[in-house]
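Here the structure is laid out as structure tokens; the discussion comes afterwards.
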4 protein chains.
Amino acid sequence: MFKAGIIGATGYTGAELVRILHRHPQVELTALTTQSYAGKPFWEVYPHLYNYVDLICEERDLEKLIGSCEVIFVSLPHGHALALAGEITGRGKILIDLGADFRFRSPDVYEKWYGVTHTARELAAQAVYGLPEIHREKIRPARLVANPGCYPTSVILGLAPLLKNGLVEPESIVIDSKSGVSGAGRGLSLNTHYCEVNENIKAYGVASHRHTPEIEQELSLLAGVEVTVSFTPHLTPMTRGILSTIYGKLTRPASQEEVLALYREFYAGEPFVRLLPAGMLPATKMVSGSNHCDLGVVVDRRTGRIVVVSAIDNLIKGASGQAVQNMNIILGLPETAGLEGPGVYP
Amino acid sequence: MFKAGIIGATGYTGAELVRILHRHPQVELTALTTQSYAGKPFWEVYPHLYNYVDLICEERDLEKLIGSCEVIFVSLPHGHALALAGEITGRGKILIDLGADFRFRSPDVYEKWYGVTHTARELAAQAVYGLPEIHREKIRPARLVANPGCYPTSVILGLAPLLKNGLVEPESIVIDSKSGVSGAGRGLSLNTHYCEVNENIKAYGVASHRHTPEIEQELSLLAGVEVTVSFTPHLTPMTRGILSTIYGKLTRPASQEEVLALYREFYAGEPFVRLLPAGMLPATKMVSGSNHCDLGVVVDRRTGRIVVVSAIDNLIKGASGQAVQNMNIILGLPETAGLEGPGVYP
Amino acid sequence: MFKAGIIGATGYTGAELVRILHRHPQVELTALTTQSYAGKPFWEVYPHLYNYVDLICEERDLEKLIGSCEVIFVSLPHGHALALAGEITGRGKILIDLGADFRFRSPDVYEKWYGVTHTARELAAQAVYGLPEIHREKIRPARLVANPGCYPTSVILGLAPLLKNGLVEPESIVIDSKSGVSGAGRGLSLNTHYCEVNENIKAYGVASHRHTPEIEQELSLLAGVEVTVSFTPHLTPMTRGILSTIYGKLTRPASQEEVLALYREFYAGEPFVRLLPAGMLPATKMVSGSNHCDLGVVVDRRTGRIVVVSAIDNLIKGASGQAVQNMNIILGLPETAGLEGPGVYP
Amino acid sequence: MFKAGIIGATGYTGAELVRILHRHPQVELTALTTQSYAGKPFWEVYPHLYNYVDLICEERDLEKLIGSCEVIFVSLPHGHALALAGEITGRGKILIDLGADFRFRSPDVYEKWYGVTHTARELAAQAVYGLPEIHREKIRPARLVANPGCYPTSVILGLAPLLKNGLVEPESIVIDSKSGVSGAGRGLSLNTHYCEVNENIKAYGVASHRHTPEIEQELSLLAGVEVTVSFTPHLTPMTRGILSTIYGKLTRPASQEEVLALYREFYAGEPFVRLLPAGMLPATKMVSGSNHCDLGVVVDRRTGRIVVVSAIDNLIKGASGQAVQNMNIILGLPETAGLEGPGVYP
């Protein structure tokens, strides 16, 4: 059994990590640290885990954590992993950061969009962007994994086959994403107050959301040219799920069948990407509770555009499930360990 | 008091017509016809109106209706108004059709997208597209008004100032709309079954939704050139509201302030279009229960695109409220009669 | 035009007061005070009122408020009205308090359940419990009205005819209430965080909720004997509405028709209580957005119990609508002024 | 590997059976029959199972089913299992019926409440009421298990320790249950139409719901005397979950600690009943996606009543999970096989 700890365990992504690792056959969760609930049993903070998880929330003791764990997950607001990463990786432990601190090849881009000084620039170069379907071979030997953002996961997986094959014009991409509220975390704000969200949809971060440069970095790598996108996230009245509707101009006429075949080939053998047959489109509820990314593709001859619809559970494939997937790859475990199965429906 | 009747009163748009007309100071609702509930008091079908509306649902008797009403609203599935329109308008009565039968200048376009033969082509030429903010002067003398679709209302109002001023490239427009479930009506289907919709978002009618040609017709008129759009509607877990997020390439650099000024001028004096100040964006709940269309605009210099966000209550400004607004214009009443006030929040 | 002001205007009940008073034909809203948003236009805090309400949120200046208003609504957490009441009523102005400070005939009961010292005991005697259907004649001359709690409103109206007629055993009453989240206000807490409430129902305050003694006070008055009840509120995933299901043992066999007749007589002429015909039961959505209390009654011969179902919109009949109803009575205005009409459905 | 088949697989309880059995380590699902979707892959009907379940929906061929399966689950509307049961059990196969046909010791009670003639009276005597925590030893050798209704499961588990110990007065019990919509199944009706349910709570079946005699049968058995209850179910705006709030008069004063200890002892060793510590109460979301029944108890000295709150996932412990639990018991498998783990939160 490998041993794992979580720094920042009491947010929603932390709680999902706990749930997933608890059922993981080859990993034992040994420590949960938190700022707010130290001393409390974790099940008091998350009663659905009553009778399952006996761990007590602890104050952070990095030394102890490094001493006792092979893998440390960090689930903190951006900026906080910068100071932890050197110590953890320097001692030979695996760090999987669910925040944004190490997602950017260029620390300058990070500083510009996040308004924070990148104090661990030398580590940024070692960090691997943890999207297994794209970077699996780089993840395998990594010690520092930057787990992708939820929106970027849905978008990059949706566009990769097209960009890799030069089928979509790089400047034509428009991404319209709809997210459940859990993506905003368990922290209180008027934006996530029940009465403000229920029966309500709104756009936010228009032309300014921080996932934009993350999306562009990865799409540019796939395309081999600079890709600039319009990305608009929306807050919607549901707890879980992201649906990204992605529009791009085809560089040449292509049939629905041709494009589907291309996706099928690109994702052949992938356990968590499900390409839906022609005529079916993803819906968030169909992936809820699972580590899947469901994809549907429609070629629109009338406009010369392709429309890709991508659905994930933002807390699983968009966060904690993907983090465990990355851990499995690095530890040489079956990639699906702890992540098997469809979600619960309805 | 003018007298009005509704054909197809027991759907959601019919019920909203009843509610709005009931509080209208200068119109008396005298007849409600329905296929399914004839003989029942209307309040049994819609108990929120108990003690307010005493009308009994009747089987349709067109002759009687024409004899007793100045205005007849038709709220039936597409195809059904074709046979009624000639009789009603021929007898000098005002017909406001909430369906699609008379929305198209070209009956051919209608036939192609709706798969129905247009059996009242001569009337199509007389029909006016009832979007008051765009066609008010044509509506005034009309006898046959084609009330716009819900999605088109949100989209056309969102784009009109840009297209009228040549500020957006006609081939660049992408429209991503999110609708509440009431837009699908009260008819039963698995798509509107609670457990299938709740906690779920999905796209539908991708590259094929029937509101596409309606949007294109009106945008083309505004632009003076052919406009082709990508339009994707989504079903979302809420009852009321449409949020349309609209993307277009600017034809020339323009500042946020300049564009806002242009919108402000275009909609000056309009009672139901609210242009939000810079920094604010629409949300469906802010217009729910009202006849408003709220608009927000963001210029994205990085991509050269403009993003317009438009919010309506699909059953009011997107259907029954707009129908009453059209009626008010034709009858020479204050345009806001029966439609005053903000909605209820939260 | 009478002039009114609101102390504590930016909570949900405050916002509903603003909306209702804005459309009131004989009252002008002149001042809104708030702790948190002073200096901001009210529509920035509640954008659904954009273009309707131009008032700026002010810091509280009681002197100025008393000088300029005939009616002052206080919508603050309990304990805060105690210090304001003397000054306002002493200067001959009408105070309608939406909090609990003056709801109890016995300040001792208030102190025991609320854990606060009652510092205005002499005023407690003058205060009238503002449930018009029960205390209308006492409200008429009052200067200090204690607006009832939301749960008590639904419960007392549901039980009054039975207790007044000695038809239910005083010790047998069980009240199970289900509330929308807006009853908890706009203040942030984990309990009202979207993801914690959505798809979730829970009981709270079991055997200890502060509305219990308020309910018992009024039921005892109606019954003429001491009434003790079991009352359990529940938090449910909706924004508005309270449904109270009330159980009691009949003191003698009675038929459904007999009981309905008794209710019909008790509430004859009441504009806001709707007794549903046999076979129909209330639902919260049927009263949402209105000042109604809908009642349904089922006699269960098998168990000798009667089951009363009562539905209100917690923010309207359960708070701000009832407050305006009380104001109308005191000012000698039509009791329904500003409160007319059914709500919006669906 | 044991082999299992499902008759009526395409309802929600059928789909949950498929999901649970698919991950069951010792049971193979070999046949799914359905009236409506014969010939279609099951994943087309339930796309969340895409890539997991390859079975094709079949028309019912009872002979073939009996020939190939050791266990047959029947998930059909009441009345339909009556004709199937003799054939299945006569051939030595295990029948687990998720409907009501065999839940009653007295076929007369069944006939009275369900309005159907009981055509398999001789089998009724052999059937075991499949609530393992109460009837485990009788279930073990059974061939015909009547899987309990969803409401009765939550109620009986909530009251069993009290009745078994004579702590609650048999005539004093009031049960107020709140259910998610999935309990009504996937069949279409206005009652489960999204817009009618969302933001709405209503009572139904007041004093007449068919789960009443089922509850009374089991409570009477536990108490050793006739128990008559008032039971009111409510439809609430969520997909999954039942919360039952249960009220009863204590037969003698008892402390909270004493009662909790009694529950703890009664359910000692039960894998699926979680008694919450004092101060915590169940919430439906805490059991959603799991086979748990969470219980909380509050003694109210003021009224002499006890309030029990019970939460289950209606489709799992309230239907398909419990059915698999019964199967495990009969087959001699670990009772938790296929049912392990907490649900997903939030």
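In the structure tokens, the first chain shown is A, the next is B, and so on; residue numbers restart at 1 for each chain, and ligands run from 1 in the order shown.
Using only C-alpha atoms, the chain B residues found within 6 Å of chain D amount to Thr192, His193, Tyr194, Cys195 and Thr239 of chain B.
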* Please provide as a ChimeraX atom specification all residues within 12 Å of B:Ala278, with the sequence filter that same-chain residues fewer than 5 positions apart are discarded (counting only C-alpha atoms). => /B:255-261,263-264,295-299,308
Output C-alpha atoms of each residue in that selection to a file, as a compact mmCIF listing (two decimals), in the first residue's frame.
# COMPACT_ATOMS: atom_id res chain seq x y z
CA SER B 255 -14.04 50.53 -27.15
CA GLN B 256 -16.41 49.20 -24.55
CA GLU B 257 -17.72 52.72 -23.96
CA GLU B 258 -18.33 53.32 -27.65
CA VAL B 259 -20.30 50.13 -28.01
CA LEU B 260 -22.33 50.77 -24.87
CA ALA B 261 -23.15 54.26 -26.14
CA TYR B 263 -26.62 50.36 -27.60
CA ARG B 264 -27.88 53.10 -25.32
CA LEU B 295 -28.37 43.26 -22.24
CA GLY B 296 -24.70 43.35 -21.30
CA VAL B 297 -21.80 43.88 -23.65
CA VAL B 298 -18.09 43.08 -23.34
CA VAL B 299 -15.50 44.07 -25.92
CA VAL B 308 -23.18 40.14 -25.93
* **Members of stretch 119-205 of chain A assigned alpha helix (DSSP H) by DSSP, as number ranges by chain** => A: 121-124, 132-139, 150-164, 194-197
Suppose we keep N, CA and C atoms; can you now write the selection as a compact mmCIF listing (two decimals), in the first residue's frame?
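Saved file part_10.txt follows:
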# COMPACT_ATOMS: atom_id res chain seq x y z
N ARG A 121 10.03 29.48 -9.74
CA ARG A 121 10.19 29.41 -11.19
C ARG A 121 11.01 28.20 -11.64
N GLU A 122 11.99 27.82 -10.85
CA GLU A 122 12.84 26.68 -11.26
C GLU A 122 12.02 25.39 -11.27
N LEU A 123 11.03 25.30 -10.38
CA LEU A 123 10.18 24.10 -10.34
C LEU A 123 9.17 24.08 -11.48
N ALA A 124 8.77 25.27 -11.93
CA ALA A 124 7.79 25.35 -13.01
C ALA A 124 8.26 24.53 -14.22
N PRO A 132 -3.72 13.25 -18.64
CA PRO A 132 -3.13 11.98 -19.07
C PRO A 132 -3.34 11.66 -20.54
N GLU A 133 -4.50 11.97 -21.07
CA GLU A 133 -4.79 11.61 -22.46
C GLU A 133 -3.87 12.35 -23.43
N ILE A 134 -3.26 13.43 -22.98
CA ILE A 134 -2.38 14.21 -23.85
C ILE A 134 -0.90 14.03 -23.45
N HIS A 135 -0.65 13.99 -22.15
CA HIS A 135 0.75 14.01 -21.68
C HIS A 135 1.14 12.77 -20.89
N ARG A 136 0.53 11.63 -21.13
CA ARG A 136 0.74 10.46 -20.28
C ARG A 136 2.23 10.11 -20.10
N GLU A 137 2.97 10.15 -21.18
CA GLU A 137 4.37 9.70 -21.06
C GLU A 137 5.22 10.66 -20.24
N LYS A 138 4.86 11.93 -20.25
CA LYS A 138 5.58 12.89 -19.42
C LYS A 138 5.16 12.79 -17.96
N ILE A 139 3.95 12.36 -17.74
CA ILE A 139 3.46 12.25 -16.36
C ILE A 139 4.15 11.09 -15.64
N CYS A 150 -10.73 22.58 -14.28
CA CYS A 150 -11.91 21.84 -14.71
C CYS A 150 -12.34 22.24 -16.12
N TYR A 151 -12.49 23.54 -16.36
CA TYR A 151 -12.87 23.96 -17.72
C TYR A 151 -11.84 23.50 -18.75
N PRO A 152 -10.55 23.75 -18.52
CA PRO A 152 -9.55 23.32 -19.52
C PRO A 152 -9.63 21.82 -19.82
N THR A 153 -9.87 20.99 -18.81
CA THR A 153 -9.96 19.55 -19.07
C THR A 153 -11.04 19.27 -20.11
N SER A 154 -12.22 19.86 -19.91
CA SER A 154 -13.32 19.59 -20.84
C SER A 154 -13.02 20.14 -22.23
N VAL A 155 -12.33 21.26 -22.28
CA VAL A 155 -12.10 21.93 -23.56
C VAL A 155 -10.96 21.27 -24.34
N ILE A 156 -9.86 21.00 -23.66
CA ILE A 156 -8.70 20.45 -24.36
C ILE A 156 -9.02 19.06 -24.92
N LEU A 157 -9.69 18.23 -24.11
CA LEU A 157 -10.07 16.91 -24.61
C LEU A 157 -11.05 17.03 -25.78
N GLY A 158 -11.88 18.06 -25.74
CA GLY A 158 -12.83 18.26 -26.83
C GLY A 158 -12.16 18.67 -28.13
N LEU A 159 -11.08 19.41 -28.04
CA LEU A 159 -10.47 19.96 -29.26
C LEU A 159 -9.23 19.24 -29.74
N ALA A 160 -8.61 18.46 -28.89
CA ALA A 160 -7.30 17.89 -29.23
C ALA A 160 -7.25 17.20 -30.60
N PRO A 161 -8.19 16.30 -30.90
CA PRO A 161 -8.10 15.61 -32.20
C PRO A 161 -8.16 16.57 -33.38
N LEU A 162 -8.94 17.63 -33.26
CA LEU A 162 -9.06 18.58 -34.36
C LEU A 162 -7.78 19.37 -34.55
N LEU A 163 -7.20 19.85 -33.46
CA LEU A 163 -6.01 20.69 -33.56
C LEU A 163 -4.80 19.88 -33.98
N LYS A 164 -4.71 18.70 -33.43
CA LYS A 164 -3.59 17.81 -33.78
C LYS A 164 -3.59 17.49 -35.27
N TYR A 194 -27.63 29.84 -2.10
CA TYR A 194 -28.65 29.08 -2.82
C TYR A 194 -29.63 29.96 -3.62
N CYS A 195 -30.21 30.93 -2.94
CA CYS A 195 -31.28 31.71 -3.57
C CYS A 195 -30.78 32.56 -4.75
N GLU A 196 -29.49 32.81 -4.80
CA GLU A 196 -28.95 33.61 -5.89
C GLU A 196 -28.65 32.75 -7.12
N VAL A 197 -28.47 31.47 -6.90
CA VAL A 197 -28.06 30.57 -7.99
C VAL A 197 -29.24 29.82 -8.57
Which residues are near stretch 224-227 of chain B? Cut-off 12 Å, only C-alpha atoms, ignore same chain within fewer than 4 positions. Put them as a compact mmCIF listing (two decimals) with C-alpha atoms, in the first residue's frame.
# COMPACT_ATOMS: atom_id res chain seq x y z
CA ARG A 302 -24.14 25.22 -43.66
CA THR A 303 -21.70 27.34 -41.68
CA ILE B 156 -32.07 39.72 -32.29
CA LEU B 159 -27.34 41.92 -31.96
CA ALA B 160 -29.48 44.60 -33.60
CA LEU B 163 -25.59 44.78 -37.21
CA LYS B 164 -27.45 48.00 -37.91
CA ASN B 165 -24.14 49.81 -37.46
CA GLY B 166 -22.03 47.31 -39.39
CA VAL B 168 -19.82 42.86 -36.51
CA GLU B 169 -18.75 40.53 -39.32
CA PRO B 170 -21.87 38.80 -40.65
CA GLU B 171 -20.26 35.38 -41.01
CA SER B 172 -18.60 35.38 -37.60
CA ILE B 173 -21.62 35.11 -35.36
CA VAL B 174 -21.88 32.25 -32.85
CA THR B 212 -31.95 29.42 -36.79
CA PRO B 213 -33.61 30.62 -40.03
CA GLU B 214 -35.83 32.96 -38.02
CA ILE B 215 -32.76 34.53 -36.42
CA GLU B 216 -30.98 34.72 -39.76
CA GLN B 217 -33.93 36.36 -41.48
CA GLU B 218 -34.07 39.19 -38.99
CA LEU B 219 -30.32 39.63 -38.62
CA SER B 220 -29.98 39.79 -42.40
CA GLY B 248 -18.99 38.12 -33.14
* To do: Going by DSSP on the backbone, which bits of stretch 48-246 of chain A are strand (DSSP E)? Write them as a VMD selection string, please.
  => chain A and resid 57 to 58 71 to 74 94 to 97 128 to 129 144 to 146 174 to 179 202 to 203 230 to 235 242 to 246
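If you look at atom CA of A:Asn200 and atom CA of B:Arg274, they are 17.8 Å away from each other.
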* Polymer residues at most 12 Å from D:Leu76, only C-alpha atoms, same-chain spacing of 3 or more positions, as a ChimeraX atom specification -> /D:6-14,33-35,73,79-84,96-101,185-187
